[in-house]
Amino acid sequence: ALKRYHRQQERTPSHLTTILETSAETYHRRTTAVNNNNMQHYPKKNVIFHITGGGFFAHTIAGDLPFLLDWSAYTNAVVIVPEYSLLPDYAFPTAIDQITEMYCSVVSGDAAPLLGFYADKVIVTGESAGGNLGAALCVKLCVDRIVDVDAILTQKKLAKMRKENHHAYSSHSGCSKTGGSSSSGGGGGNTSETGDASISRSESSCYSSSPAGESLSECDSRSSSSNSIINSWIRLPDAVMLCCPALNLCLDHPSPSRVMSTADPVLPGGLLSAISDAYVPPNSGISKRDPIASPYYAPDEVLRLFPPTLLFASSGDPLLDDSVDFNARLLKVGVKSTLRAVHNVPHAFWGLGAAGFPEVKEVQRECQ
């Protein structure tokens with residue numbers, strides 16, 4: 001889309017007077033660092049980076065527009081809806097590669113000459129297949145080392161140390177007020193800090209294995225052919241909010257929710273199998289347990305890098321158990337994550353607020 005825009009600019013004068021641009025500015029690919037001084041005259045805007053669902057076969061932007069407009073009005077954020085290539089012409093990994101490219105262009109500032117602003121805080125949202133791509137985006141940014149994984153780990157460990165030291169100081173203050181030994185409290189605090197520092201060093205170099213038996217180093221080896229280049233301007237989203245995400249495309253061992261909810265009006269069992277086989281064809285040589293195709297199988301060392309996450313699922317959704325397991329794993333590795341199960345709605349219900357579903361209206365208020 002950016003290339004097409006610039007071709008049009010060469011043929012016709014620009015009428016987009018609201019976009020701040022000069023004739024000397026051109027689009028830079030994300031592998032080119034952006035000079036901060038050149039970006040200062042663009043305003044900062046918060047961004048909702050929304051990825052539509054539709055089973056990888058269609059875009060549901062028409063159904064998503066009502067609540068996206070509400071979100072934008074309530075938060076004063078700009079909504080960006082990337083248009084990715086669809087099945088049956090384009091299977092995995094085309095869509096996630098395009099999503100990653102567009103996301104990196106937005107957060108790095110490369111797209112600022114086109115958009116007229118650069119991103120401040122960014123929240124990634126997605127529903128159903130869009131939820132898959134939203135979670136896969138975070139996984140890919142980490143596995144392909146597009147973001148600085150070591151820096152993120154350090155920040156998380158420092159935040160944990162500050163929190164624990166604050167608790168230790170509070171306990172020490174309480175002991176002092178009750179006549180306890182101050183030297184004992186201080187020693188405890190120092191011991192805690194030293195222990196955390198050593199954990200930080202060891203955990204940054206030694207990772208646990210994933211549910212699929214793949215460590216981060218093995219993920220790096222698998223993705224070594226990627227064109228991704230670490231760019232200090234690219235970062236993880238500030239938060240992720242997903243509805244009924246298709247986190248697990250593997251069909252080998254159906255979960256109880258998939259067995260009990262085969263008659264879901266939006267996602268019956270046969271359709272789920274067809275989407276899975278079309279997106280990751282059995283003869284493609286790619287495993288459906290690839291953590292970028294199925295974020296459900298991302299290793300723990302990748303999940304611990306995730307930003308704060310809010311998950312919504314229908315209580316009768318075939319994919320409910322996948323969200324439950326994913327949320328539990330995020331919590332286990334220390335990520336702030338919340339799962340909301342909504343009654344009386346089908347799979348992918350975000351757009352049903354306009355149809356009069358009171359449960360969906362309540363969900364939309366919480367999303368805002």
# chains A, B, ... in the order shown; residues from 1 in each chain; ligands from 1
>>> select_by_dssp(residues="stretch 259-312 of chain A", states="helix (DSSP H, G or I)", output="list in words")
Val259, Met260, Gly269, Gly270, Leu271, Leu272, Ser273, Ala274, Ile275, Ser276, Asp277, Ala278, Tyr279, Pro282, Asn283, Ser284, Pro295, Tyr296, Tyr297, Asp300, Glu301, Val302 and Leu303 of chain A
>>> residues_around(residues="stretch 115-119 of chain A", least_positions_apart="6", cutoff="7 Å", atoms="only C-alpha atoms", output="JSON, numbers by chain")
{"A": [19, 20, 42, 43, 44, 45, 46, 47, 106, 107, 109]}
>>> write_last_selection(atoms="N, CA and C atoms", output="PDB file, in the first residue's frame")
ATOM      1  N   ILE A  19      -1.970  15.908   6.107  1.00  0.00           N
ATOM      2  CA  ILE A  19      -0.782  15.124   6.409  1.00  0.00           C
ATOM      3  C   ILE A  19       0.447  16.015   6.298  1.00  0.00           C
ATOM      4  N   LEU A  20       1.234  16.045   7.351  1.00  0.00           N
ATOM      5  CA  LEU A  20       2.451  16.834   7.342  1.00  0.00           C
ATOM      6  C   LEU A  20       3.518  16.107   6.550  1.00  0.00           C
ATOM      7  N   TYR A  42       6.418  15.672  13.895  1.00  0.00           N
ATOM      8  CA  TYR A  42       5.172  14.923  13.772  1.00  0.00           C
ATOM      9  C   TYR A  42       4.551  14.747  15.157  1.00  0.00           C
ATOM     10  N   PRO A  43       3.240  14.893  15.263  1.00  0.00           N
ATOM     11  CA  PRO A  43       2.605  14.682  16.568  1.00  0.00           C
ATOM     12  C   PRO A  43       2.607  13.208  16.950  1.00  0.00           C
ATOM     13  N   LYS A  44       2.527  12.959  18.254  1.00  0.00           N
ATOM     14  CA  LYS A  44       2.398  11.596  18.764  1.00  0.00           C
ATOM     15  C   LYS A  44       0.926  11.248  18.915  1.00  0.00           C
ATOM     16  N   LYS A  45       0.568  10.040  18.539  1.00  0.00           N
ATOM     17  CA  LYS A  45      -0.799   9.569  18.700  1.00  0.00           C
ATOM     18  C   LYS A  45      -0.774   8.125  19.180  1.00  0.00           C
ATOM     19  N   ASN A  46      -1.663   7.818  20.103  1.00  0.00           N
ATOM     20  CA  ASN A  46      -1.838   6.427  20.506  1.00  0.00           C
ATOM     21  C   ASN A  46      -2.534   5.659  19.381  1.00  0.00           C
ATOM     22  N   VAL A  47      -2.180   4.399  19.251  1.00  0.00           N
ATOM     23  CA  VAL A  47      -2.649   3.600  18.118  1.00  0.00           C
ATOM     24  C   VAL A  47      -3.291   2.309  18.612  1.00  0.00           C
ATOM     25  N   VAL A 106       4.813   1.130  11.432  1.00  0.00           N
ATOM     26  CA  VAL A 106       4.079   2.072  12.279  1.00  0.00           C
ATOM     27  C   VAL A 106       4.883   2.439  13.521  1.00  0.00           C
ATOM     28  N   VAL A 107       5.381   1.427  14.262  1.00  0.00           N
ATOM     29  CA  VAL A 107       6.025   1.717  15.545  1.00  0.00           C
ATOM     30  C   VAL A 107       7.418   2.322  15.377  1.00  0.00           C
ATOM     31  N   GLY A 109       8.228   4.491  13.066  1.00  0.00           N
ATOM     32  CA  GLY A 109       8.136   5.842  12.528  1.00  0.00           C
ATOM     33  C   GLY A 109       8.354   5.909  11.040  1.00  0.00           C
TER      34      GLY A 109
END
>>> atom_distance(atom1="atom CA of A:Gly126", atom2="atom CA of A:Pro291")
17.4 Å
>>> closest_residue(among="A:Leu137, A:Ala263, A:Ile48, A:Ala129", to="A:Pro245", atoms="only C-alpha atoms")
A:Ala129
>>> residues_around(residues="A:Met241", least_positions_apart="4", cutoff="8 Å", atoms="only C-alpha atoms", output="ChimeraX atom specification")
/A:123-126,309-312
>>> write_last_selection(atoms="C-alpha atoms", output="mmCIF file, in the first residue's frame")
data_model
loop_
_atom_site.group_PDB
_atom_site.id
_atom_site.type_symbol
_atom_site.label_atom_id
_atom_site.label_comp_id
_atom_site.auth_asym_id
_atom_site.auth_seq_id
_atom_site.Cartn_x
_atom_site.Cartn_y
_atom_site.Cartn_z
ATOM 1 C CA ILE A 123 -2.310 -1.759 21.581
ATOM 2 C CA VAL A 124 -2.728 -4.778 19.298
ATOM 3 C CA THR A 125 -6.251 -6.170 19.082
ATOM 4 C CA GLY A 126 -7.666 -9.027 17.059
ATOM 5 C CA THR A 309 -2.813 -9.287 27.850
ATOM 6 C CA LEU A 310 -6.606 -9.304 28.007
ATOM 7 C CA LEU A 311 -8.415 -12.304 26.494
ATOM 8 C CA PHE A 312 -12.122 -12.686 25.795
#
>>> closest_residue(among="A:Arg4, A:Lys332, A:His253, A:Lys160", to="A:Asp300", atoms="only C-alpha atoms")
A:Lys332
>>> residues_around(residues="A:Thr262", least_positions_apart="3", cutoff="10 Å", atoms="only C-alpha atoms", output="list of chain:residue names")
A:Ser257, A:Arg258, A:Val259, A:Pro265, A:Leu267, A:Pro268, A:Gly269, A:Gly270, A:Leu271, A:Leu272, A:Gly316, A:Asp317, A:Pro318
>>> residues_around(residues="A:Val266", least_positions_apart="6", cutoff="9 Å", atoms="only C-alpha atoms", output="PDB file with all heavy atoms, in the first residue's frame")
ATOM      1  N   PRO A 346     -21.842 -16.440  20.623  1.00  0.00           N
ATOM      2  CA  PRO A 346     -21.087 -17.420  19.837  1.00  0.00           C
ATOM      3  C   PRO A 346     -19.622 -17.015  19.723  1.00  0.00           C
ATOM      4  O   PRO A 346     -19.185 -16.007  20.294  1.00  0.00           O
ATOM      5  CB  PRO A 346     -21.787 -17.360  18.473  1.00  0.00           C
ATOM      6  CG  PRO A 346     -22.217 -15.931  18.362  1.00  0.00           C
ATOM      7  CD  PRO A 346     -22.588 -15.500  19.761  1.00  0.00           C
ATOM      8  N   HIS A 347     -18.895 -17.791  18.952  1.00  0.00           N
ATOM      9  CA  HIS A 347     -17.502 -17.459  18.643  1.00  0.00           C
ATOM     10  C   HIS A 347     -17.442 -16.115  17.912  1.00  0.00           C
ATOM     11  O   HIS A 347     -18.297 -15.787  17.109  1.00  0.00           O
ATOM     12  CB  HIS A 347     -16.909 -18.572  17.764  1.00  0.00           C
ATOM     13  CG  HIS A 347     -15.559 -18.258  17.211  1.00  0.00           C
ATOM     14  ND1 HIS A 347     -14.403 -18.384  17.963  1.00  0.00           N
ATOM     15  CD2 HIS A 347     -15.172 -17.826  15.982  1.00  0.00           C
ATOM     16  CE1 HIS A 347     -13.363 -18.053  17.214  1.00  0.00           C
ATOM     17  NE2 HIS A 347     -13.796 -17.706  16.012  1.00  0.00           N
ATOM     18  N   ALA A 348     -16.400 -15.331  18.214  1.00  0.00           N
ATOM     19  CA  ALA A 348     -16.143 -14.058  17.517  1.00  0.00           C
ATOM     20  C   ALA A 348     -17.333 -13.114  17.640  1.00  0.00           C
ATOM     21  O   ALA A 348     -17.980 -12.763  16.651  1.00  0.00           O
ATOM     22  CB  ALA A 348     -15.785 -14.308  16.053  1.00  0.00           C
TER      23      ALA A 348
END
>>> residues_around(residues="A:Tyr279", least_positions_apart="6", cutoff="9 Å", atoms="only C-alpha atoms", output="ChimeraX atom specification")
/A:55-56,87-88,90-93,249,293
>>> residues_around(residues="A:Leu331", least_positions_apart="3", cutoff="12 Å", atoms="only C-alpha atoms", output="PyMOL selection string")
chain A and resi 300+303-310+324-328+334-339
